[in-house]
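**Student:** Just protein_36.txt, nothing more (compact mmCIF, C-alpha atoms):
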# COMPACT_ATOMS: atom_id res chain seq x y z
CA MET A 1 -21.80 10.41 -19.63
CA THR A 2 -24.47 10.10 -22.32
CA LYS A 3 -27.17 8.21 -20.40
CA ASP A 4 -28.51 9.36 -17.03
CA TYR A 5 -26.56 7.45 -14.38
CA SER A 6 -27.06 7.83 -10.63
CA LEU A 7 -23.37 8.62 -10.02
CA ASN A 8 -20.77 10.57 -11.97
CA LEU A 9 -17.20 9.31 -12.48
CA VAL A 10 -15.78 11.37 -9.61
CA GLN A 11 -18.36 9.88 -7.21
CA ILE A 12 -17.61 6.40 -8.53
CA ALA A 13 -13.90 6.97 -8.00
CA SER A 14 -14.56 8.12 -4.40
CA LEU A 15 -16.49 4.93 -3.66
CA LEU A 16 -13.70 2.77 -5.08
CA GLN A 17 -11.02 4.71 -3.24
CA ALA A 18 -12.91 4.29 0.04
CA THR A 19 -12.61 0.50 0.07
CA PRO A 20 -8.97 0.03 1.18
CA GLN A 21 -9.29 2.67 3.92
CA THR A 22 -12.56 1.14 5.16
CA LEU A 23 -10.88 -2.25 5.37
CA ARG A 24 -7.80 -0.78 7.06
CA ASN A 25 -9.96 0.86 9.76
CA GLU A 26 -11.88 -2.37 10.28
CA LEU A 27 -8.95 -4.78 10.28
CA SER A 28 -6.33 -2.76 12.16
CA VAL A 29 -8.02 -3.61 15.47
CA LEU A 30 -8.27 -7.35 14.81
CA ASP A 31 -5.88 -10.06 15.86
CA PRO A 32 -4.00 -11.39 12.77
CA GLY A 33 -5.56 -14.77 13.59
CA VAL A 34 -8.98 -13.40 12.57
CA LEU A 35 -7.58 -12.34 9.19
CA HIS A 36 -6.22 -15.85 8.51
CA TRP A 37 -9.30 -17.72 9.73
CA ARG A 38 -11.72 -19.48 7.38
CA PRO A 39 -15.35 -19.83 8.53
CA THR A 40 -15.40 -23.26 6.83
CA PRO A 41 -12.57 -25.05 4.97
CA GLU A 42 -14.14 -24.04 1.61
CA GLU A 43 -14.65 -20.35 2.41
CA TRP A 44 -12.10 -17.58 2.04
CA CYS A 45 -10.28 -16.02 4.96
CA ILE A 46 -10.30 -12.21 5.14
CA ASN A 47 -6.83 -12.02 3.54
CA GLU A 48 -8.07 -14.11 0.61
CA CYS A 49 -11.02 -11.73 0.14
CA ILE A 50 -8.54 -8.83 -0.11
CA GLY A 51 -6.37 -10.84 -2.51
CA HIS A 52 -9.45 -11.55 -4.62
CA ILE A 53 -10.30 -7.82 -4.78
CA ILE A 54 -6.71 -7.14 -5.96
CA GLU A 55 -6.93 -9.82 -8.67
CA THR A 56 -10.40 -8.72 -9.79
CA ASP A 57 -9.21 -5.14 -10.13
CA LYS A 58 -6.61 -6.45 -12.61
CA ASN A 59 -8.47 -9.26 -14.42
CA GLY A 60 -12.15 -8.41 -14.02
CA PHE A 61 -12.24 -4.62 -14.22
CA ALA A 62 -9.20 -2.53 -15.21
CA GLY A 63 -7.89 -5.26 -17.52
CA ARG A 64 -11.22 -5.73 -19.30
CA ILE A 65 -11.74 -1.98 -19.67
CA GLN A 66 -8.27 -1.66 -21.23
CA THR A 67 -9.11 -4.49 -23.65
CA ILE A 68 -12.40 -2.85 -24.66
CA LEU A 69 -10.66 0.48 -25.21
CA ALA A 70 -7.91 -1.11 -27.30
CA GLU A 71 -10.01 -3.43 -29.50
CA ASP A 72 -13.36 -3.23 -31.28
CA GLN A 73 -15.97 -5.22 -29.37
CA PRO A 74 -13.48 -7.84 -28.14
CA GLN A 75 -14.38 -11.24 -26.69
CA LEU A 76 -13.71 -10.93 -22.96
CA VAL A 77 -12.12 -13.98 -21.41
CA ALA A 78 -13.32 -15.65 -18.23
CA TRP A 79 -10.64 -16.05 -15.57
CA ASP A 80 -10.20 -18.73 -12.93
CA ILE A 81 -11.15 -16.99 -9.68
CA GLY A 82 -10.81 -20.02 -7.41
CA GLY A 83 -7.52 -21.10 -8.99
CA THR A 84 -6.06 -17.61 -8.61
CA VAL A 85 -7.02 -17.43 -4.93
CA ALA A 86 -5.50 -20.85 -4.26
CA GLN A 87 -2.30 -19.87 -6.07
CA ARG A 88 -1.85 -16.60 -4.16
CA ARG A 89 -1.87 -18.28 -0.70
CA ASP A 90 -2.97 -15.02 0.89
CA CYS A 91 -4.03 -16.57 4.22
CA GLU A 92 -0.36 -16.91 5.08
CA ARG A 93 0.43 -13.29 4.18
CA ASP A 94 0.34 -10.02 6.09
CA GLY A 95 -3.12 -8.47 5.59
CA PHE A 96 -1.71 -4.95 5.74
CA GLU A 97 0.76 -5.58 2.94
CA LEU A 98 -2.21 -6.72 0.87
CA LEU A 99 -4.07 -3.52 1.77
CA ASP A 100 -1.03 -1.44 0.77
CA GLU A 101 -1.05 -3.19 -2.61
CA LEU A 102 -4.80 -2.62 -3.02
CA GLU A 103 -4.49 1.03 -2.06
CA ALA A 104 -1.71 1.75 -4.56
CA GLN A 105 -3.60 -0.08 -7.30
CA ARG A 106 -6.81 1.80 -6.53
CA GLN A 107 -5.11 5.15 -6.74
CA GLU A 108 -3.93 4.28 -10.24
CA ASN A 109 -7.28 2.78 -11.30
CA THR A 110 -9.44 5.62 -10.01
CA GLN A 111 -7.24 8.14 -11.78
CA PHE A 112 -7.75 6.09 -14.95
CA ILE A 113 -11.54 5.96 -14.47
CA THR A 114 -12.01 9.69 -13.94
CA GLN A 115 -10.25 10.38 -17.24
CA LEU A 116 -12.60 8.22 -19.34
CA THR A 117 -14.60 10.12 -21.95
CA PRO A 118 -18.35 9.60 -22.69
CA GLU A 119 -17.41 7.85 -25.97
CA GLN A 120 -15.11 5.45 -24.12
CA LEU A 121 -17.77 4.63 -21.48
CA VAL A 122 -20.16 3.22 -24.09
CA ARG A 123 -17.58 1.08 -25.89
CA SER A 124 -18.33 -2.60 -25.34
CA GLY A 125 -17.00 -6.13 -25.34
CA ILE A 126 -18.64 -9.56 -25.25
CA HIS A 127 -18.60 -11.41 -21.95
CA PRO A 128 -18.92 -15.22 -22.24
CA ASN A 129 -21.84 -15.38 -19.74
CA VAL A 130 -23.43 -11.93 -19.71
CA GLY A 131 -23.14 -10.94 -23.38
CA GLU A 132 -22.47 -7.35 -24.38
CA LEU A 133 -20.85 -5.29 -21.63
CA GLN A 134 -20.14 -1.57 -21.84
CA VAL A 135 -17.24 0.04 -20.01
CA ILE A 136 -19.75 1.83 -17.76
CA ASP A 137 -21.36 -1.54 -16.81
CA LEU A 138 -17.98 -2.77 -15.62
CA ILE A 139 -17.40 0.40 -13.62
CA PHE A 140 -20.72 0.07 -11.76
CA GLU A 141 -20.08 -3.62 -11.24
CA TRP A 142 -16.74 -2.67 -9.65
CA ILE A 143 -18.56 -0.76 -6.87
CA HIS A 144 -21.06 -3.59 -6.44
CA HIS A 145 -18.31 -6.19 -6.28
CA ASP A 146 -16.35 -4.24 -3.64
CA ARG A 147 -19.38 -4.03 -1.41
CA ASN A 148 -20.07 -7.74 -1.78
CA HIS A 149 -16.64 -8.55 -0.45
CA VAL A 150 -16.72 -5.90 2.27
CA LYS A 151 -19.91 -7.65 3.41
CA GLN A 152 -18.18 -11.03 3.18
CA ILE A 153 -15.37 -9.73 5.42
CA MET A 154 -17.90 -8.37 7.95
CA THR A 155 -19.62 -11.77 7.91
CA ASN A 156 -16.30 -13.53 8.60
CA ILE A 157 -15.87 -11.32 11.69
CA GLN A 158 -19.44 -12.10 12.79
CA ASP A 159 -18.86 -15.82 12.28
CA TYR A 160 -15.65 -15.62 14.30
CA ILE A 161 -17.39 -14.19 17.38
CA TRP A 162 -20.69 -16.08 16.94
CA PRO A 163 -19.97 -18.79 19.58
CA ASP A 164 -19.30 -16.06 22.18
CA LEU A 165 -22.78 -14.54 21.79
CA GLY A 166 -24.25 -17.14 24.13
CA ASN A 167 -28.01 -16.74 24.47
CA ALA A 168 -27.92 -13.57 22.33
CA GLN A 169 -27.67 -15.95 19.34
CA ARG A 170 -31.44 -16.34 19.76
CA PHE A 171 -31.93 -12.71 18.68
CA PHE A 172 -30.76 -13.69 15.20
CA GLU A 173 -33.06 -16.67 14.72
CA PRO A 174 -35.55 -16.37 11.83
CA ASP A 175 -38.64 -14.33 12.79
CA SER A 176 -36.98 -13.03 15.94
CA ASN A 177 -37.30 -9.32 16.68
CA PRO A 178 -35.64 -8.49 19.96
CA TYR A 179 -36.27 -4.77 19.53
CA LEU A 180 -40.05 -4.71 19.69
CA MET B 1 -8.10 -26.27 2.87
CA MET B 2 -7.76 -26.34 6.65
CA THR B 3 -9.30 -23.82 9.03
CA GLN B 4 -6.87 -22.17 11.41
CA PRO B 5 -7.45 -22.81 15.11
CA LYS B 6 -9.43 -19.95 16.62
CA ILE B 7 -7.88 -17.62 19.16
CA PRO B 8 -10.55 -16.31 21.56
CA ILE B 9 -11.27 -12.59 21.19
CA ARG B 10 -10.23 -10.73 24.33
CA LEU B 11 -12.33 -8.01 25.94
CA SER B 12 -9.76 -5.35 25.02
CA GLN B 13 -10.15 -6.39 21.39
CA ILE B 14 -13.95 -6.24 21.60
CA ALA B 15 -13.58 -2.69 22.88
CA ALA B 16 -11.18 -1.85 20.04
CA ILE B 17 -13.59 -3.23 17.41
CA LEU B 18 -16.48 -1.19 18.82
CA TYR B 19 -14.26 1.89 18.97
CA ALA B 20 -13.37 1.40 15.29
CA THR B 21 -16.95 1.33 13.95
CA PRO B 22 -17.46 5.12 13.56
CA HIS B 23 -14.08 5.32 11.82
CA VAL B 24 -14.97 2.45 9.49
CA LEU B 25 -18.20 4.24 8.63
CA ARG B 26 -16.44 7.53 8.11
CA SER B 27 -14.15 5.97 5.49
CA MET B 28 -16.96 3.93 3.95
CA LEU B 29 -19.07 7.06 3.45
CA ALA B 30 -16.32 9.54 2.53
CA GLY B 31 -17.19 11.39 -0.65
CA ILE B 32 -20.70 9.90 -0.88
CA ASP B 33 -23.44 12.17 -2.13
CA GLU B 34 -25.99 13.25 0.48
CA GLU B 35 -28.77 11.81 -1.65
CA ILE B 36 -27.42 8.29 -1.06
CA LEU B 37 -27.14 8.87 2.69
CA ARG B 38 -30.83 9.83 2.84
CA TRP B 39 -32.10 7.30 0.31
CA HIS B 40 -34.45 4.47 1.37
CA PRO B 41 -34.08 1.20 -0.61
CA ASN B 42 -37.77 0.56 0.12
CA GLN B 43 -40.55 2.11 2.13
CA GLY B 44 -39.89 1.24 5.76
CA VAL B 45 -36.24 0.35 5.16
CA TRP B 46 -33.80 2.68 6.91
CA CYS B 47 -31.62 5.12 5.00
CA ILE B 48 -27.92 5.20 5.92
CA ASN B 49 -28.43 8.13 8.30
CA GLU B 50 -31.20 6.28 10.13
CA THR B 51 -28.97 3.22 10.43
CA ILE B 52 -26.29 5.35 12.12
CA GLY B 53 -29.00 6.85 14.36
CA HIS B 54 -30.04 3.29 15.25
CA LEU B 55 -26.47 2.46 16.28
CA LEU B 56 -26.51 5.50 18.58
CA GLU B 57 -29.80 4.45 20.18
CA ALA B 58 -28.87 0.77 20.43
CA ASP B 59 -25.60 1.67 22.18
CA GLU B 60 -27.62 3.25 24.92
CA HIS B 61 -30.77 1.12 25.16
CA ALA B 62 -29.81 -2.33 23.87
CA PHE B 63 -26.32 -2.52 25.29
CA ALA B 64 -24.92 0.00 27.83
CA ALA B 65 -28.14 0.42 29.85
CA ARG B 66 -28.78 -3.33 29.96
CA ILE B 67 -25.23 -4.04 31.11
CA ALA B 68 -25.44 -1.27 33.73
CA LEU B 69 -28.75 -2.69 35.01
CA MET B 70 -27.29 -6.20 35.30
CA LEU B 71 -24.35 -4.79 37.23
CA ALA B 72 -26.59 -2.82 39.57
CA GLU B 73 -29.30 -5.39 40.31
CA GLU B 74 -29.49 -9.11 41.04
CA TYR B 75 -30.98 -10.99 38.07
CA PRO B 76 -33.05 -8.08 36.75
CA GLU B 77 -35.80 -8.26 34.17
CA ILE B 78 -34.44 -6.30 31.24
CA PRO B 79 -36.94 -3.78 29.83
CA GLN B 80 -38.03 -3.88 26.19
CA TRP B 81 -36.95 -1.26 23.72
CA ASN B 82 -38.62 -0.44 20.39
CA ALA B 83 -35.94 0.32 17.80
CA ASP B 84 -38.37 1.28 15.02
CA ALA B 85 -40.22 3.77 17.22
CA ALA B 86 -36.89 5.29 18.29
CA ALA B 87 -35.81 5.64 14.64
CA THR B 88 -39.11 7.32 13.71
CA GLN B 89 -38.79 9.74 16.60
CA ARG B 90 -35.19 10.70 15.78
CA GLN B 91 -35.87 11.73 12.15
CA ASP B 92 -32.25 11.17 11.16
CA CYS B 93 -32.74 11.19 7.38
CA HIS B 94 -32.10 14.91 7.16
CA GLN B 95 -29.40 15.10 9.82
CA ASN B 96 -25.77 15.68 8.94
CA THR B 97 -24.17 12.23 8.65
CA PHE B 98 -20.79 13.34 9.87
CA GLU B 99 -22.31 14.98 12.95
CA LEU B 100 -24.03 11.67 13.69
CA LEU B 101 -20.69 9.91 13.29
CA ASP B 102 -19.00 12.43 15.61
CA GLU B 103 -21.64 11.65 18.21
CA LEU B 104 -21.15 7.91 17.71
CA ALA B 105 -17.37 8.26 18.05
CA GLU B 106 -17.72 10.28 21.24
CA ASN B 107 -20.14 7.75 22.78
CA ARG B 108 -17.96 4.84 21.74
CA GLN B 109 -14.99 6.35 23.56
CA LYS B 110 -17.03 6.30 26.78
CA TYR B 111 -18.56 2.85 26.25
CA THR B 112 -15.37 1.10 25.22
CA ARG B 113 -13.61 2.41 28.34
CA PHE B 114 -16.50 0.99 30.37
CA ILE B 115 -16.36 -2.40 28.62
CA SER B 116 -12.62 -2.85 28.86
CA GLN B 117 -12.82 -2.41 32.65
CA LEU B 118 -15.37 -5.19 33.18
CA GLN B 119 -14.09 -8.00 35.40
CA PRO B 120 -14.71 -11.73 34.71
CA LYS B 121 -17.16 -11.87 37.65
CA GLN B 122 -19.10 -8.95 36.21
CA LEU B 123 -19.21 -10.51 32.73
CA ALA B 124 -20.84 -13.59 34.24
CA ARG B 125 -23.66 -11.63 35.94
CA THR B 126 -27.10 -12.39 34.55
CA GLY B 127 -30.57 -11.02 33.85
CA THR B 128 -33.65 -12.12 31.88
CA TYR B 129 -35.16 -10.66 28.75
CA ARG B 130 -38.71 -11.45 27.59
CA HIS B 131 -39.18 -15.02 26.28
CA TYR B 132 -35.50 -15.19 25.32
CA GLY B 133 -34.56 -16.23 28.84
CA GLU B 134 -31.32 -15.71 30.71
CA PHE B 135 -28.44 -13.57 29.47
CA LYS B 136 -24.95 -12.97 30.78
CA ILE B 137 -23.36 -9.54 30.45
CA SER B 138 -20.78 -11.16 28.15
CA ASP B 139 -23.62 -12.19 25.76
CA PHE B 140 -24.52 -8.52 25.28
CA VAL B 141 -20.88 -7.43 24.97
CA TYR B 142 -20.24 -9.86 22.10
CA GLU B 143 -23.66 -9.17 20.56
CA TRP B 144 -22.68 -5.49 20.42
CA VAL B 145 -19.90 -6.31 17.93
CA TYR B 146 -22.17 -8.64 15.94
CA HIS B 147 -24.89 -5.99 15.82
CA ASP B 148 -22.44 -3.34 14.55
CA HIS B 149 -21.41 -5.62 11.70
CA SER B 150 -25.00 -6.39 10.74
CA HIS B 151 -25.56 -2.67 10.24
CA LEU B 152 -22.24 -2.12 8.45
CA LYS B 153 -23.46 -4.76 6.00
CA GLN B 154 -26.84 -3.04 5.76
CA ILE B 155 -25.13 0.24 4.84
CA SER B 156 -23.05 -1.56 2.18
CA ASP B 157 -26.29 -3.00 0.83
CA ASN B 158 -27.95 0.41 0.65
CA ILE B 159 -25.12 1.59 -1.61
CA ARG B 160 -25.36 -1.53 -3.78
CA THR B 161 -29.12 -1.15 -4.11
CA TYR B 162 -28.75 2.54 -5.00
CA ILE B 163 -26.56 1.73 -8.02
CA TRP B 164 -28.60 -1.30 -9.12
CA PRO B 165 -30.77 0.53 -11.75
CA ASN B 166 -27.58 1.48 -13.61
CA PHE B 167 -27.03 -2.14 -14.63
CA THR B 168 -28.41 -3.57 -17.85
CA ARG B 169 -30.94 -6.42 -17.56
CA PRO B 170 -28.43 -9.17 -18.48
CA MET B 171 -25.99 -7.71 -15.96
CA GLN B 172 -28.65 -7.64 -13.24
CA ALA B 173 -29.50 -11.26 -14.05
CA ALA B 174 -25.82 -12.27 -13.85
CA LEU B 175 -25.32 -10.43 -10.54
CA SER B 176 -28.45 -12.02 -9.05
CA GLU B 177 -27.15 -15.55 -9.65
What does the file become when written as structure tokens?

**Tutor:**
Amino acid sequence: MTKDYSLNLVQIASLLQATPQTLRNELSVLDPGVLHWRPTPEEWCINECIGHIIETDKNGFAGRIQTILAEDQPQLVAWDIGGTVAQRRDCERDGFELLDELEAQRQENTQFITQLTPEQLVRSGIHPNVGELQVIDLIFEWIHHDRNHVKQIMTNIQDYIWPDLGNAQRFFEPDSNPYL
Amino acid sequence: MMTQPKIPIRLSQIAAILYATPHVLRSMLAGIDEEILRWHPNQGVWCINETIGHLLEADEHAFAARIALMLAEEYPEIPQWNADAAATQRQDCHQNTFELLDELAENRQKYTRFISQLQPKQLARTGTYRHYGEFKISDFVYEWVYHDHSHLKQISDNIRTYIWPNFTRPMQAALSE
């Protein structure tokens, strides 16, 4: 890489490869009902979050990187995230089949990432909202995006058990510090 | 979109979720550079190693000991515990992360066996804690899972914050929206 980045491509690939296994370890102990449950009618269930990660790998990251490598400063197209999630109907699916799909896709994508050259990493395209985006920007965003949705999944689990916390809910009120 | 009806989480499942945490962390942190594990997003904010150390301490002082006290005594006053002081004393930043996770996994084996054997009458036993009032044992059991997930999210955030300076200004602006 030409600029000084805090991670090299092998480290980036490790972080991206870790996501499906992290989710498998977390979700394998949950009742399938938790995976299909939406905190509110507008929010995604855990399966939909996994489906979104799968779609973003294709449309938001790997796909865009391929476009930037194939064309000179291409216009990157926005994609309909909400529409794609609705179309997939992942809440009704088996969460572990989705994780299998994500895992296989990640293996392919991380192999692809580690083979990128410094010249390829600084190639760019134009994003409709953000402006110029280099390949390396998309790669770091990939890690960031994964962690956002891992957090969202953890929050769904917290929301699911929240009513059972009883009086311990008070520990999580603003300005509460039960540990002092 | 409709929400699915909720199925209550059984005690055996609570135990399984708590048992899984060290394994979730092990996969989340696999291949991560030591620098990230010891890195503080801000002064006074725990590094990843300290967060794991906090889970170890909380298991003992915020959960298992409190539950054991409520089982042993009638309506006890639950003693306070200072998590920040415990973290400072442990000095986990320079510990080996995977040794900390081994310790967490070993403790969780013991604690989850203990939890899964609790009877409904025991879960309903109570005690008081500071100005927060009355707690049932079940409150602490479910809080244990909630607490784990708060710190799993914190660890995810540490990684996100570590990579943040790599983004260009427009990218940071877009991600902050």

**Student:** Compute the chain B side of the contact with chain A at 6 Å, counting all atoms listed in the file, and hand it back as a ChimeraX atom specification.

**Tutor:** /B:1-4,16-17,24,27-28,31,81-83,135,139,142-143,146,149,153,156,160,170

**Student:** For a quick check of understanding, using all atoms listed in the file, which of A:Thr67, A:Gln75, A:Gln120, A:Asn109 has the smallest distance to Ile54 (chain A)?

**Tutor:**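 So, comparing all the options, the nearest one is A:Asn109.
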
**Student:** Can you measure CA of Glu74 (chain B) to CA of Thr126 (chain B) for me? One decimal in Å is fine.

**Tutor:** 7.7 Å

**Student:** Figure out the distance between CA of Pro79 (chain B) and CA of Gly44 (chain B), please, to one decimal in Å.

**Tutor:** 24.8 Å

**Student:** Could you tell me how far CA of Ile78 (chain B) sits from CA of Leu123 (chain B), in Å to one decimal place?

**Tutor:**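 These two atoms are separated by 15.9 Å.
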
**Student:** I need the residue nearest Leu104 (chain B) from this list: B:Asn42, B:Ala65, B:Ser150, B:Ile52. Use only C-alpha atoms for the distance.

**Tutor:**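 When distances to Leu104 (chain B) are compared using only C-alpha atoms, the smallest one comes from B:Ile52.
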
**Student:** Any idea what's packed within 10 Å of region 37-40 of chain B, counting only C-alpha atoms, ignoring anything in its chain fewer than 5 positions away? Could you give it as a PyMOL selection string?

**Tutor:** chain B and resi 29+32+45-51+92-97+155+158-159+161-162

**Student:** Given the choices B:Val145, B:Ala72, B:Leu100, B:Ala87, which gets closest to Leu25 (chain B) if the distance is worked out from only C-alpha atoms?

**Tutor:**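 Closest residue, counting only C-alpha atoms: B:Leu100.
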
**Student:** Between A:Ile65, A:Lys58, A:Glu101, A:Asp90, single out the one closest to Val122 (chain A), counting only C-alpha atoms.

**Tutor:**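 Going through A:Ile65, A:Lys58, A:Glu101, A:Asp90 one by one, the smallest distance to Val122 (chain A) is for A:Ile65.
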
**Student:** What lies within 10 Å of Leu71 (chain B) using only C-alpha atoms, ignoring chain neighbours under 2 positions off, as number ranges by chain?

**Tutor:** B: 65-69, 73-76, 118, 122-127, 137

**Student:** Quick one: of B:Arg10, B:His147, B:Arg169, B:Arg113, who's nearest to His54 (chain B), counting all atoms listed in the file?

**Tutor:** B:His147

**Student:** With a distance cut-off of 10 Å and all atoms listed in the file, select the neighbouring residues of Asp57 (chain A), excluding the residue or stretch itself and same-chain residues fewer than 5 positions from it, and output the selection as a ChimeraX atom specification.

**Tutor:** /A:51-52,62-64,102,105-106,109,142,145-146

**Student:** For Ala20 (chain B), which residue among B:Tyr132, B:Thr112, B:Ser176, B:Asp157 is the nearest when counting only C-alpha atoms?

**Tutor:**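 Looking at the shortest contact to Ala20 (chain B), the residue is B:Thr112.
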